[in-house]
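The data block below is query-v1.cif; it holds mmCIF, C-alpha atoms and all ligand atoms.
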data_coords
loop_
_atom_site.label_atom_id
_atom_site.label_comp_id
_atom_site.auth_asym_id
_atom_site.auth_seq_id
_atom_site.Cartn_x
_atom_site.Cartn_y
_atom_site.Cartn_z
CA MET B 56 -5.21 10.29 -38.91
CA LYS B 57 -8.92 10.09 -39.48
CA PRO B 58 -11.20 7.13 -38.70
CA ALA B 59 -12.86 5.08 -41.41
CA PRO B 60 -16.48 6.17 -42.03
CA PHE B 61 -18.98 4.95 -39.42
CA ARG B 62 -22.59 5.46 -38.41
CA TYR B 63 -23.14 7.22 -35.07
CA VAL B 64 -26.17 6.47 -32.89
CA ALA B 65 -26.76 8.09 -29.49
CA ALA B 66 -28.55 5.41 -27.46
CA THR B 67 -31.54 6.80 -25.57
CA SER B 68 -31.77 3.96 -23.03
CA LEU B 69 -29.99 0.78 -21.99
CA ALA B 70 -32.58 -1.29 -23.85
CA HIS B 71 -31.96 0.79 -26.99
CA ALA B 72 -28.17 0.34 -26.74
CA LEU B 73 -28.49 -3.42 -26.18
CA ALA B 74 -30.95 -3.81 -29.06
CA LEU B 75 -28.51 -2.06 -31.39
CA LYS B 76 -25.63 -4.25 -30.19
CA SER B 77 -27.71 -7.34 -30.68
CA GLU B 78 -28.51 -6.19 -34.24
CA TYR B 79 -24.94 -5.28 -35.27
CA GLY B 80 -22.78 -7.55 -33.02
CA ASP B 81 -19.05 -7.17 -33.72
CA GLU B 82 -19.74 -4.53 -36.39
CA ALA B 83 -20.75 -2.11 -33.61
CA LYS B 84 -18.78 -0.67 -30.71
CA PHE B 85 -19.97 1.17 -27.63
CA LEU B 86 -18.57 4.67 -27.27
CA ALA B 87 -17.94 5.39 -23.58
CA GLY B 88 -15.14 7.88 -22.78
CA GLY B 89 -13.62 7.35 -26.22
CA GLN B 90 -10.11 7.64 -24.74
CA SER B 91 -9.00 4.26 -26.09
CA LEU B 92 -11.55 3.73 -28.84
CA MET B 93 -11.00 7.00 -30.70
CA PRO B 94 -7.18 6.63 -30.94
CA THR B 95 -7.55 3.06 -32.24
CA MET B 96 -10.15 4.24 -34.77
CA ASN B 97 -7.96 7.16 -35.80
CA PHE B 98 -5.12 4.71 -36.45
CA ARG B 99 -7.65 2.46 -38.22
CA LEU B 100 -6.78 -0.40 -35.88
CA ALA B 101 -10.53 -0.49 -35.22
CA ARG B 102 -13.08 0.12 -37.99
CA PRO B 103 -16.53 -0.32 -36.46
CA MET B 104 -19.44 0.17 -38.82
CA VAL B 105 -21.60 1.64 -36.04
CA LEU B 106 -20.72 3.60 -32.90
CA ILE B 107 -23.32 3.30 -30.14
CA ASP B 108 -22.85 6.27 -27.82
CA ILE B 109 -23.81 5.20 -24.28
CA ASN B 110 -22.98 8.50 -22.58
CA GLY B 111 -26.61 9.62 -22.33
CA ILE B 112 -27.78 6.53 -20.43
CA ASP B 113 -28.20 7.81 -16.87
CA GLU B 114 -28.83 4.38 -15.37
CA LEU B 115 -25.27 3.36 -16.32
CA SER B 116 -23.73 6.10 -14.20
CA GLY B 117 -23.21 6.56 -10.49
CA ILE B 118 -21.59 5.20 -7.35
CA HIS B 119 -23.89 3.44 -4.89
CA LEU B 120 -22.26 2.77 -1.53
CA SER B 121 -23.90 1.12 1.43
CA GLU B 122 -22.47 -0.08 4.75
CA THR B 123 -24.30 -3.37 4.55
CA ALA B 124 -24.43 -4.25 0.85
CA PRO B 125 -21.80 -4.47 -1.88
CA THR B 126 -20.86 -1.21 -3.58
CA ARG B 127 -22.16 -0.79 -7.12
CA ILE B 128 -20.49 1.42 -9.72
CA GLY B 129 -22.19 2.12 -13.04
CA ALA B 130 -20.11 1.33 -16.12
CA ILE B 131 -19.99 4.88 -17.49
CA THR B 132 -18.90 6.39 -14.19
CA ARG B 133 -15.93 8.61 -15.05
CA TYR B 134 -12.57 8.08 -13.41
CA ARG B 135 -12.72 11.65 -12.16
CA ALA B 136 -15.98 10.99 -10.30
CA LEU B 137 -14.38 8.00 -8.57
CA GLU B 138 -11.26 9.99 -7.79
CA ARG B 139 -13.29 12.74 -6.12
CA ASP B 140 -15.64 10.48 -4.18
CA ALA B 141 -14.89 10.68 -0.44
CA ALA B 142 -16.81 7.48 0.33
CA ILE B 143 -14.79 5.53 -2.26
CA ALA B 144 -11.59 6.91 -0.71
CA LYS B 145 -12.73 5.73 2.73
CA THR B 146 -14.03 2.30 1.76
CA PHE B 147 -11.74 1.43 -1.17
CA PRO B 148 -8.51 3.42 -0.67
CA LEU B 149 -6.84 1.07 -3.18
CA ILE B 150 -8.93 2.67 -5.95
CA SER B 151 -8.22 6.23 -4.81
CA GLU B 152 -4.53 5.50 -4.50
CA ALA B 153 -4.30 4.13 -8.04
CA LEU B 154 -6.41 6.69 -9.86
CA PRO B 155 -3.84 9.51 -9.98
CA GLU B 156 -1.50 7.01 -11.71
CA ILE B 157 -3.98 6.52 -14.55
CA ALA B 158 -3.26 8.76 -17.52
CA HIS B 159 -3.79 12.53 -17.04
CA PRO B 160 -6.69 14.58 -15.61
CA GLN B 161 -8.07 15.32 -19.09
CA ILE B 162 -8.25 11.59 -19.86
CA ARG B 163 -9.69 10.78 -16.43
CA ASN B 164 -12.39 13.41 -17.01
CA ARG B 165 -13.71 11.36 -19.93
CA GLY B 166 -12.50 7.79 -19.36
CA THR B 167 -14.99 5.44 -17.72
CA ILE B 168 -14.44 2.44 -15.49
CA GLY B 169 -16.56 0.21 -17.75
CA GLY B 170 -14.71 1.33 -20.87
CA ASN B 171 -11.40 0.71 -19.18
CA LEU B 172 -12.27 -2.81 -18.01
CA SER B 173 -13.85 -3.70 -21.37
CA HIS B 174 -10.78 -2.45 -23.24
CA ALA B 175 -8.62 -4.77 -21.07
CA ASP B 176 -5.21 -3.26 -21.62
CA PRO B 177 -2.76 -5.57 -19.80
CA ALA B 178 -0.84 -2.61 -18.36
CA SER B 179 -3.99 -0.91 -17.13
CA GLU B 180 -4.39 -0.42 -13.40
CA MET B 181 -8.11 -0.94 -12.87
CA PRO B 182 -8.34 -4.53 -14.18
CA ALA B 183 -5.72 -5.61 -11.60
CA ILE B 184 -7.53 -3.67 -8.89
CA SER B 185 -10.88 -5.21 -9.78
CA VAL B 186 -9.32 -8.68 -9.41
CA ALA B 187 -7.62 -7.72 -6.11
CA LEU B 188 -10.93 -6.38 -4.72
CA ARG B 189 -12.79 -9.50 -5.91
CA ALA B 190 -15.17 -7.44 -8.01
CA ARG B 191 -18.08 -8.98 -9.87
CA LEU B 192 -19.11 -7.57 -13.22
CA ARG B 193 -22.69 -7.34 -14.43
CA ILE B 194 -22.99 -8.18 -18.09
CA GLN B 195 -26.19 -7.65 -20.02
CA SER B 196 -27.50 -8.37 -23.49
CA ALA B 197 -30.94 -7.62 -24.92
CA THR B 198 -32.18 -10.97 -23.63
CA GLN B 199 -29.94 -12.00 -20.72
CA GLU B 200 -28.02 -10.88 -17.70
CA ARG B 201 -25.08 -12.63 -16.04
CA TRP B 202 -22.43 -11.88 -13.43
CA VAL B 203 -18.76 -12.68 -13.93
CA ALA B 204 -15.95 -12.50 -11.39
CA ALA B 205 -13.32 -9.98 -12.50
CA ALA B 206 -10.80 -12.81 -12.19
CA ASP B 207 -12.62 -14.67 -15.00
CA PHE B 208 -13.42 -11.64 -17.17
CA PHE B 209 -9.96 -10.95 -18.63
CA LEU B 210 -8.94 -13.58 -21.17
CA GLY B 211 -5.89 -11.99 -22.79
CA SER B 212 -4.47 -8.74 -24.11
CA LEU B 213 -7.46 -6.53 -25.11
CA THR B 214 -9.65 -9.63 -24.83
CA THR B 215 -12.48 -10.23 -22.38
CA ASP B 216 -15.33 -12.62 -21.80
CA LEU B 217 -17.80 -10.12 -23.38
CA GLN B 218 -19.83 -11.59 -26.24
CA PRO B 219 -20.59 -9.52 -29.38
CA ASP B 220 -24.11 -8.65 -28.16
CA GLU B 221 -23.15 -7.83 -24.55
CA MET B 222 -22.37 -4.77 -22.48
CA LEU B 223 -20.62 -4.44 -19.13
CA THR B 224 -23.17 -2.42 -17.17
CA GLU B 225 -22.06 -2.44 -13.53
CA ILE B 226 -19.12 -3.23 -11.27
CA GLU B 227 -19.91 -4.67 -7.84
CA LEU B 228 -17.38 -4.56 -5.00
CA PRO B 229 -17.83 -6.60 -1.83
CA GLN B 230 -17.60 -4.73 1.45
CA PRO B 231 -14.00 -4.99 2.77
CA LYS B 232 -13.55 -6.87 6.05
CA PRO B 233 -12.48 -4.91 9.15
CA ARG B 234 -8.69 -4.58 9.60
CA THR B 235 -8.04 -4.63 5.87
CA GLY B 236 -5.18 -2.57 4.47
CA SER B 237 -4.22 -2.08 0.86
CA CYS B 238 -1.58 -0.48 -1.31
CA PHE B 239 -1.19 0.29 -4.99
CA LEU B 240 2.24 1.03 -6.44
CA GLU B 241 3.57 1.26 -9.95
CA ILE B 242 6.64 2.13 -11.91
CA ALA B 243 5.98 3.98 -15.15
CA ARG B 244 8.33 5.82 -17.46
CA ARG B 245 6.58 9.10 -16.75
CA ARG B 246 3.67 10.04 -14.48
CA GLY B 247 0.47 9.15 -16.35
CA ASP B 248 2.05 6.52 -18.59
CA PHE B 249 0.90 2.93 -18.51
CA ALA B 250 2.61 0.84 -15.84
CA ILE B 251 5.85 -0.98 -16.63
CA VAL B 252 4.95 -2.91 -13.49
CA GLY B 253 2.04 -2.18 -11.17
CA ILE B 254 0.85 -4.00 -8.08
CA ALA B 255 -2.30 -4.06 -5.99
CA ALA B 256 -1.83 -5.59 -2.54
CA VAL B 257 -4.52 -6.27 0.07
CA VAL B 258 -3.93 -7.66 3.57
CA THR B 259 -6.62 -8.53 6.12
CA LEU B 260 -5.73 -9.21 9.76
CA GLY B 261 -7.66 -11.22 12.32
CA ASP B 262 -8.28 -10.30 15.98
CA SER B 263 -4.84 -11.53 17.03
CA ALA B 264 -3.17 -9.48 14.26
CA GLN B 265 -2.40 -12.58 12.26
CA CYS B 266 -2.99 -12.43 8.54
CA ILE B 267 -6.29 -14.04 7.50
CA ASP B 268 -6.31 -12.98 3.84
CA ALA B 269 -3.70 -11.57 1.45
CA ARG B 270 -4.00 -10.70 -2.20
CA LEU B 271 -1.46 -9.58 -4.77
CA VAL B 272 -2.28 -8.74 -8.37
CA PHE B 273 0.10 -7.31 -10.98
CA CYS B 274 -0.50 -5.26 -14.09
CA GLY B 275 1.97 -4.77 -16.93
CA VAL B 276 3.70 -8.13 -16.57
CA GLY B 277 1.49 -10.39 -18.65
CA GLU B 278 -1.33 -10.49 -21.17
CA MET B 279 -3.89 -9.70 -18.44
CA PRO B 280 -3.90 -9.02 -14.71
CA VAL B 281 -1.60 -11.57 -13.07
CA ASP B 282 -3.02 -12.85 -9.82
CA ALA B 283 -0.12 -13.80 -7.54
CA SER B 284 -2.31 -14.25 -4.47
CA GLU B 285 -1.05 -17.81 -4.15
CA ALA B 286 2.35 -16.32 -3.28
CA ALA B 287 0.72 -13.90 -0.84
CA SER B 288 -1.12 -16.77 0.84
CA LEU B 289 2.22 -17.72 2.47
CA LEU B 290 1.35 -14.96 4.95
CA ILE B 291 -1.97 -16.45 6.02
CA GLY B 292 -2.07 -17.70 9.58
CA GLN B 293 1.05 -15.85 10.69
CA THR B 294 2.20 -12.50 11.92
CA VAL B 295 3.44 -10.57 8.90
CA THR B 296 7.17 -10.05 9.26
CA ASP B 297 9.75 -8.57 6.89
CA ASP B 298 11.18 -12.05 6.31
CA ALA B 299 7.77 -13.45 5.42
CA ILE B 300 7.19 -10.59 2.98
CA CYS B 301 10.61 -11.24 1.36
CA ALA B 302 9.60 -14.88 0.87
CA VAL B 303 6.34 -13.79 -0.79
CA ALA B 304 8.23 -11.40 -3.09
CA ALA B 305 10.61 -14.20 -4.18
CA SER B 306 7.66 -16.49 -4.84
CA ALA B 307 5.70 -13.79 -6.72
CA GLN B 308 8.71 -13.15 -8.97
CA GLN B 309 8.61 -16.80 -9.99
CA MET B 310 4.90 -16.64 -10.74
CA ILE B 311 5.14 -13.89 -13.36
CA ASP B 312 6.42 -14.18 -16.88
CA PRO B 313 6.93 -10.60 -18.06
CA GLY B 314 7.47 -10.10 -21.76
CA GLY B 315 9.65 -6.98 -21.64
CA SER B 316 9.07 -4.02 -23.94
CA VAL B 317 10.86 -1.04 -25.48
CA HIS B 318 10.77 0.55 -22.02
CA ALA B 319 12.01 -2.34 -19.87
CA THR B 320 13.58 -5.75 -20.19
CA ALA B 321 11.82 -8.77 -18.74
CA ASP B 322 14.60 -9.08 -16.12
CA TYR B 323 14.06 -5.48 -15.05
CA GLN B 324 10.31 -6.05 -14.78
CA ARG B 325 10.87 -9.16 -12.66
CA HIS B 326 13.27 -7.30 -10.37
CA ILE B 327 10.85 -4.37 -9.99
CA ALA B 328 7.96 -6.76 -9.33
CA GLY B 329 9.89 -8.14 -6.33
CA VAL B 330 10.75 -4.68 -4.99
CA LEU B 331 7.15 -3.44 -5.39
CA THR B 332 5.78 -6.60 -3.74
CA GLU B 333 7.88 -5.97 -0.64
CA ARG B 334 6.91 -2.30 -0.45
CA ALA B 335 3.22 -2.82 -1.19
CA LEU B 336 2.76 -5.68 1.29
CA THR B 337 4.65 -3.78 3.99
CA ALA B 338 2.38 -0.75 3.51
CA ALA B 339 -0.81 -2.83 3.25
CA ASN B 340 0.07 -4.70 6.47
CA ARG B 341 0.83 -1.43 8.32
CA ARG B 342 -2.46 0.06 7.13
CA ALA B 343 -4.36 -3.08 8.15
CA HIS B 344 -3.04 -2.61 11.69
CA HIS B 345 -4.57 0.87 11.62
CA GLY B 346 -7.81 -0.40 10.10
CA GLN B 347 -7.39 1.31 6.71
C1 LIG I 1 -2.62 9.38 -23.51
C2 LIG I 1 -3.38 8.28 -22.82
C3 LIG I 1 -2.84 7.71 -21.67
C4 LIG I 1 -3.52 6.70 -21.03
N1 LIG I 1 -2.96 6.16 -19.90
C5 LIG I 1 -3.62 5.19 -19.25
C6 LIG I 1 -3.07 4.60 -18.06
O1 LIG I 1 -2.01 4.96 -17.57
N2 LIG I 1 -3.78 3.60 -17.49
C7 LIG I 1 -4.98 3.17 -17.97
O2 LIG I 1 -5.58 2.27 -17.41
N3 LIG I 1 -5.52 3.71 -19.06
C8 LIG I 1 -4.88 4.70 -19.71
N4 LIG I 1 -5.44 5.24 -20.83
C9 LIG I 1 -6.72 4.70 -21.32
C10 LIG I 1 -7.88 5.37 -20.60
O3 LIG I 1 -7.88 4.96 -19.25
C11 LIG I 1 -9.22 5.00 -21.27
O4 LIG I 1 -10.15 5.92 -20.88
C12 LIG I 1 -9.83 3.65 -20.96
O5 LIG I 1 -8.96 2.61 -21.21
C13 LIG I 1 -11.04 3.36 -21.81
O6 LIG I 1 -12.14 3.93 -21.22
P1 LIG I 1 -13.14 4.77 -22.10
O7 LIG I 1 -14.31 5.01 -21.21
O8 LIG I 1 -12.47 5.94 -22.69
O9 LIG I 1 -13.59 3.70 -23.21
P2 LIG I 1 -13.71 3.82 -24.79
O10 LIG I 1 -12.43 4.30 -25.37
O11 LIG I 1 -14.95 4.56 -25.15
O12 LIG I 1 -13.94 2.28 -25.14
C14 LIG I 1 -12.90 1.34 -25.04
C15 LIG I 1 -13.42 -0.02 -25.56
O13 LIG I 1 -14.36 -0.57 -24.65
C16 LIG I 1 -15.65 -0.74 -25.27
N5 LIG I 1 -16.62 -0.37 -24.25
C17 LIG I 1 -16.72 0.83 -23.64
N6 LIG I 1 -17.64 0.78 -22.67
C18 LIG I 1 -18.14 -0.48 -22.68
C19 LIG I 1 -19.11 -1.16 -21.89
N7 LIG I 1 -19.73 -0.55 -20.89
N8 LIG I 1 -19.39 -2.44 -22.17
C20 LIG I 1 -18.74 -3.08 -23.18
N9 LIG I 1 -17.80 -2.50 -23.96
C21 LIG I 1 -17.50 -1.21 -23.70
C22 LIG I 1 -15.63 0.16 -26.47
O14 LIG I 1 -16.52 -0.27 -27.47
C23 LIG I 1 -14.18 0.07 -26.89
O15 LIG I 1 -13.95 -1.11 -27.60
C24 LIG I 1 -4.79 6.25 -21.51
C25 LIG I 1 -5.35 6.84 -22.65
C26 LIG I 1 -4.66 7.84 -23.30
C27 LIG I 1 -5.28 8.46 -24.53
#
In structure tokens, how does this file's structure come out?
Ligand SMILES: Cc1cc2nc3c(=O)[nH]c(=O)nc-3n(C[C@H](O)[C@H](O)[C@H](O)COP(=O)(O)OP(=O)(O)OC[C@H]3O[C@@H](n4cnc5c(N)ncnc54)[C@H](O)[C@@H]3O)c2cc1C
Amino acid sequence: MKPAPFRYVAATSLAHALALKSEYGDEAKFLAGGQSLMPTMNFRLARPMVLIDINGIDELSGIHLSETAPTRIGAITRYRALERDAAIAKTFPLISEALPEIAHPQIRNRGTIGGNLSHADPASEMPAISVALRARLRIQSATQERWVAAADFFLGSLTTDLQPDEMLTEIELPQPKPRTGSCFLEIARRRGDFAIVGIAAVVTLGDSAQCIDARLVFCGVGEMPVDASEAASLLIGQTVTDDAICAVAASAQQMIDPGGSVHATADYQRHIAGVLTERALTAANRRAHHGQ
């Protein structure tokens, strides 16, 4: 398949890209890694009049880690750069653990974190992780800038809070508290496929090894990341035991409403969500004890 005709413009700066988006609005699309946009254009599911290539905008790229301030990741940072970053692996092991599950190396070489979050595929891993890590997203237009919590950014399947003249320019991750452990798990039909069910779990322990924070976010079981942290909050204030984790899993299963697909029935997804919750929370709690 071939895309419908379009005009291609390589933006020379962020201001240039934003000015073009403000001029063309919904008629224009940003071209980041192209790994989701090009297939949809080839199938003519998307027919933008103008493609604004943002790959040459250096200020949109890079990982900025500091021990005292939140971590900032530029929107066109490639998955592969995140996957290979030792500091990301140390500070945000949840990201490093999930990345090998995302597509294949060729796709991760091109795909960007900003493109992935903006595309907002409900089965995609990184939207769930951004919610679990309490990320904030920097959104800019030619005239304004605003910050949105990842939890408020995803509005539905392939739908976000982005307005027609806006770009997601940066992802900000708060510094994890000491004694935080995390775990990402997913079941997919084949390695590299989108998740049938995926889960990001984060557990933080206090000085007496009691849980002081617990988060649980699913992908693949709804129209957007499904935050089941309310279920995980059953752990707060207590020592995390197997029984307590089982109770969280039962509660999380009730909080999701999976739609099923050609690959899995809704009942199967619900069952797997419970199994993954138990495994992910057990691992996250163990890692929190070791300060990971
Ligand atoms: C075979 C295959 C398997 C895949 N498997 C997975 C998987 O398992 N998990 C997964 O998560 N993904 C998967 N993907 C998708 C992949 O991760 C994409 O790279 C990603 O979803 C989109 O990122 P991109 O940088 O390529 O964005 P693009 O394709 O360039 O853009 C996607 C959309 O976002 C918009 N956009 C891009 N950047 C911005 C921005 N900064 N601000 C505002 N809008 C923007 C574009 O205009 C477009 O509408 C797969 C893709 C393929 C082809």
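Candidate residues B:Glu200, B:Asp248, B:Glu78, B:Glu152 were compared for distance to ligand LIG 1 (chain I), and the nearest is B:Asp248, using all atoms listed in the file.
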In terms of the shortest atom-to-atom distance over all atoms listed in the file, which of B:Ala250, B:Ala66, B:Ala197, B:Ala328 is closest to ligand LIG 1 (chain I)?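 Distance minimum relative to ligand LIG 1 (chain I) lands on B:Ala250.
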Test item: residues no farther than 6 Å from ligand LIG 1 (chain I), counting all atoms listed in the file, as a list in words: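 Sorted by chain and then by number, the residues are Lys84, Phe85, Leu86, Ala87, Gly88, Gly89, Gln90, Ser91, Leu92, Ala130, Ile157, Ala158, Gly166, Thr167, Gly169, Gly170, Asn171, Ser173, His174, Ser179, Glu180, Met222, Leu223, Thr224, Gly247, Asp248 and Phe249 of chain B.
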Once you count only C-alpha atoms, what closest atom pair and distance in Å to one decimal does each residue of region 205-232 of chain B within 12 Å of region 113-121 of chain B have, with rows by chain and rising residue number, as JSON lines?
{"residue": "B:Met222", "atom": "CA", "partner": "B:Leu115", "partner_atom": "CA", "distance": 10.6}
{"residue": "B:Leu223", "atom": "CA", "partner": "B:Leu115", "partner_atom": "CA", "distance": 9.5}
{"residue": "B:Thr224", "atom": "CA", "partner": "B:Leu115", "partner_atom": "CA", "distance": 6.2}
{"residue": "B:Glu225", "atom": "CA", "partner": "B:Leu115", "partner_atom": "CA", "distance": 7.2}
{"residue": "B:Ile226", "atom": "CA", "partner": "B:Ile118", "partner_atom": "CA", "distance": 9.6}
{"residue": "B:Glu227", "atom": "CA", "partner": "B:His119", "partner_atom": "CA", "distance": 9.5}
{"residue": "B:Leu228", "atom": "CA", "partner": "B:Leu120", "partner_atom": "CA", "distance": 9.5}
{"residue": "B:Pro229", "atom": "CA", "partner": "B:Ser121", "partner_atom": "CA", "distance": 10.3}
{"residue": "B:Gln230", "atom": "CA", "partner": "B:Ser121", "partner_atom": "CA", "distance": 8.6}
{"residue": "B:Pro231", "atom": "CA", "partner": "B:Ser121", "partner_atom": "CA", "distance": 11.7}
Mind checking which residues fall within 9 Å of Tyr134 (chain B), counting only C-alpha atoms, ignoring those fewer than 2 positions away in the same chain, and posting them as a count of residues only? 14
Could you check the closest approach to Ile254 (chain B) for each of B:Ala59, B:Ala305, B:Ile242, B:Leu69 and tell me which residue wins, using all atoms listed in the file?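 Counting all atoms listed in the file, the residue closest to Ile254 (chain B) is B:Ile242.
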Which of these, B:Leu210, B:Ser185, B:Thr294, B:Asp216, has the shortest distance to Val257 (chain B) once you count all atoms listed in the file?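 Ranking B:Leu210, B:Ser185, B:Thr294, B:Asp216 by distance to Val257 (chain B), first place goes to B:Ser185.
Take CA of Met279 (chain B) and CA of Ala175 (chain B): the distance between them is 7.3 Å.
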Taking 2 positions as the minimum chain separation for residues in the same chain, which residues sit within 12 Å of Ala343 (chain B) when counting only C-alpha atoms? Answer as a ChimeraX atom specification. /B:148,231-238,256-262,264-269,295,336-341,345-347
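Nearest residue to Ser263 (chain B), choosing from B:Gly329, B:Leu192, B:Arg201, B:His344 and counting only C-alpha atoms: B:His344.
For the choices B:Ala190, B:Gln161, B:Glu278, B:Phe147, the atom-to-atom distance to Phe209 (chain B) is smallest for B:Glu278 when using only C-alpha atoms.
When CA of Ser68 (chain B) is paired with CA of Leu106 (chain B), their separation reads 14.8 Å.
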Could I see region 281-298 of chain B restored to N, CA, C and O atoms, set down as a PDB file, in the frame of the given file?
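So rebuild_12.pdb came out as:
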ATOM      1  N   VAL B 281      -2.217 -10.317 -13.547  1.00  0.00           N
ATOM      2  CA  VAL B 281      -1.600 -11.570 -13.070  1.00  0.00           C
ATOM      3  C   VAL B 281      -1.837 -11.686 -11.567  1.00  0.00           C
ATOM      4  O   VAL B 281      -1.317 -10.899 -10.776  1.00  0.00           O
ATOM      5  N   ASP B 282      -2.659 -12.662 -11.221  1.00  0.00           N
ATOM      6  CA  ASP B 282      -3.020 -12.850  -9.820  1.00  0.00           C
ATOM      7  C   ASP B 282      -1.957 -13.715  -9.138  1.00  0.00           C
ATOM      8  O   ASP B 282      -1.833 -14.913  -9.424  1.00  0.00           O
ATOM      9  N   ALA B 283      -1.181 -13.073  -8.268  1.00  0.00           N
ATOM     10  CA  ALA B 283      -0.120 -13.800  -7.540  1.00  0.00           C
ATOM     11  C   ALA B 283      -0.532 -14.020  -6.096  1.00  0.00           C
ATOM     12  O   ALA B 283       0.322 -14.110  -5.205  1.00  0.00           O
ATOM     13  N   SER B 284      -1.826 -14.103  -5.858  1.00  0.00           N
ATOM     14  CA  SER B 284      -2.310 -14.250  -4.470  1.00  0.00           C
ATOM     15  C   SER B 284      -1.852 -15.564  -3.853  1.00  0.00           C
ATOM     16  O   SER B 284      -1.774 -15.682  -2.632  1.00  0.00           O
ATOM     17  N   GLU B 285      -1.556 -16.550  -4.702  1.00  0.00           N
ATOM     18  CA  GLU B 285      -1.050 -17.810  -4.150  1.00  0.00           C
ATOM     19  C   GLU B 285       0.272 -17.560  -3.409  1.00  0.00           C
ATOM     20  O   GLU B 285       0.521 -18.143  -2.359  1.00  0.00           O
ATOM     21  N   ALA B 286       1.096 -16.676  -3.970  1.00  0.00           N
ATOM     22  CA  ALA B 286       2.350 -16.320  -3.280  1.00  0.00           C
ATOM     23  C   ALA B 286       2.029 -15.602  -1.974  1.00  0.00           C
ATOM     24  O   ALA B 286       2.604 -15.902  -0.916  1.00  0.00           O
ATOM     25  N   ALA B 287       1.063 -14.674  -2.048  1.00  0.00           N
ATOM     26  CA  ALA B 287       0.720 -13.900  -0.840  1.00  0.00           C
ATOM     27  C   ALA B 287       0.110 -14.790   0.244  1.00  0.00           C
ATOM     28  O   ALA B 287       0.172 -14.456   1.431  1.00  0.00           O
ATOM     29  N   SER B 288      -0.466 -15.922  -0.158  1.00  0.00           N
ATOM     30  CA  SER B 288      -1.120 -16.770   0.840  1.00  0.00           C
ATOM     31  C   SER B 288      -0.121 -17.393   1.820  1.00  0.00           C
ATOM     32  O   SER B 288      -0.495 -17.952   2.845  1.00  0.00           O
ATOM     33  N   LEU B 289       1.189 -17.277   1.515  1.00  0.00           N
ATOM     34  CA  LEU B 289       2.220 -17.720   2.470  1.00  0.00           C
ATOM     35  C   LEU B 289       2.093 -16.968   3.798  1.00  0.00           C
ATOM     36  O   LEU B 289       2.544 -17.446   4.844  1.00  0.00           O
ATOM     37  N   LEU B 290       1.479 -15.784   3.735  1.00  0.00           N
ATOM     38  CA  LEU B 290       1.350 -14.960   4.950  1.00  0.00           C
ATOM     39  C   LEU B 290       0.210 -15.409   5.845  1.00  0.00           C
ATOM     40  O   LEU B 290       0.171 -15.054   7.035  1.00  0.00           O
ATOM     41  N   ILE B 291      -0.741 -16.135   5.275  1.00  0.00           N
ATOM     42  CA  ILE B 291      -1.970 -16.450   6.020  1.00  0.00           C
ATOM     43  C   ILE B 291      -1.668 -17.337   7.221  1.00  0.00           C
ATOM     44  O   ILE B 291      -0.915 -18.313   7.125  1.00  0.00           O
ATOM     45  N   GLY B 292      -2.234 -16.928   8.344  1.00  0.00           N
ATOM     46  CA  GLY B 292      -2.070 -17.700   9.580  1.00  0.00           C
ATOM     47  C   GLY B 292      -0.876 -17.253  10.399  1.00  0.00           C
ATOM     48  O   GLY B 292      -0.620 -17.804  11.468  1.00  0.00           O
ATOM     49  N   GLN B 293      -0.110 -16.284   9.908  1.00  0.00           N
ATOM     50  CA  GLN B 293       1.050 -15.850  10.690  1.00  0.00           C
ATOM     51  C   GLN B 293       1.098 -14.343  10.856  1.00  0.00           C
ATOM     52  O   GLN B 293       0.387 -13.597  10.174  1.00  0.00           O
ATOM     53  N   THR B 294       1.937 -13.912  11.774  1.00  0.00           N
ATOM     54  CA  THR B 294       2.200 -12.500  11.920  1.00  0.00           C
ATOM     55  C   THR B 294       3.072 -12.081  10.742  1.00  0.00           C
ATOM     56  O   THR B 294       4.014 -12.789  10.396  1.00  0.00           O
ATOM     57  N   VAL B 295       2.723 -10.959  10.132  1.00  0.00           N
ATOM     58  CA  VAL B 295       3.440 -10.570   8.900  1.00  0.00           C
ATOM     59  C   VAL B 295       4.764  -9.907   9.268  1.00  0.00           C
ATOM     60  O   VAL B 295       4.790  -8.809   9.820  1.00  0.00           O
ATOM     61  N   THR B 296       5.842 -10.593   8.959  1.00  0.00           N
ATOM     62  CA  THR B 296       7.170 -10.050   9.260  1.00  0.00           C
ATOM     63  C   THR B 296       7.876  -9.673   7.949  1.00  0.00           C
ATOM     64  O   THR B 296       7.441 -10.085   6.862  1.00  0.00           O
ATOM     65  N   ASP B 297       8.967  -8.940   8.082  1.00  0.00           N
ATOM     66  CA  ASP B 297       9.750  -8.570   6.890  1.00  0.00           C
ATOM     67  C   ASP B 297      10.243  -9.828   6.160  1.00  0.00           C
ATOM     68  O   ASP B 297      10.232  -9.889   4.928  1.00  0.00           O
ATOM     69  N   ASP B 298      10.678 -10.819   6.933  1.00  0.00           N
ATOM     70  CA  ASP B 298      11.180 -12.050   6.310  1.00  0.00           C
ATOM     71  C   ASP B 298      10.083 -12.756   5.523  1.00  0.00           C
ATOM     72  O   ASP B 298      10.308 -13.264   4.419  1.00  0.00           O
TER      73      ASP B 298
END
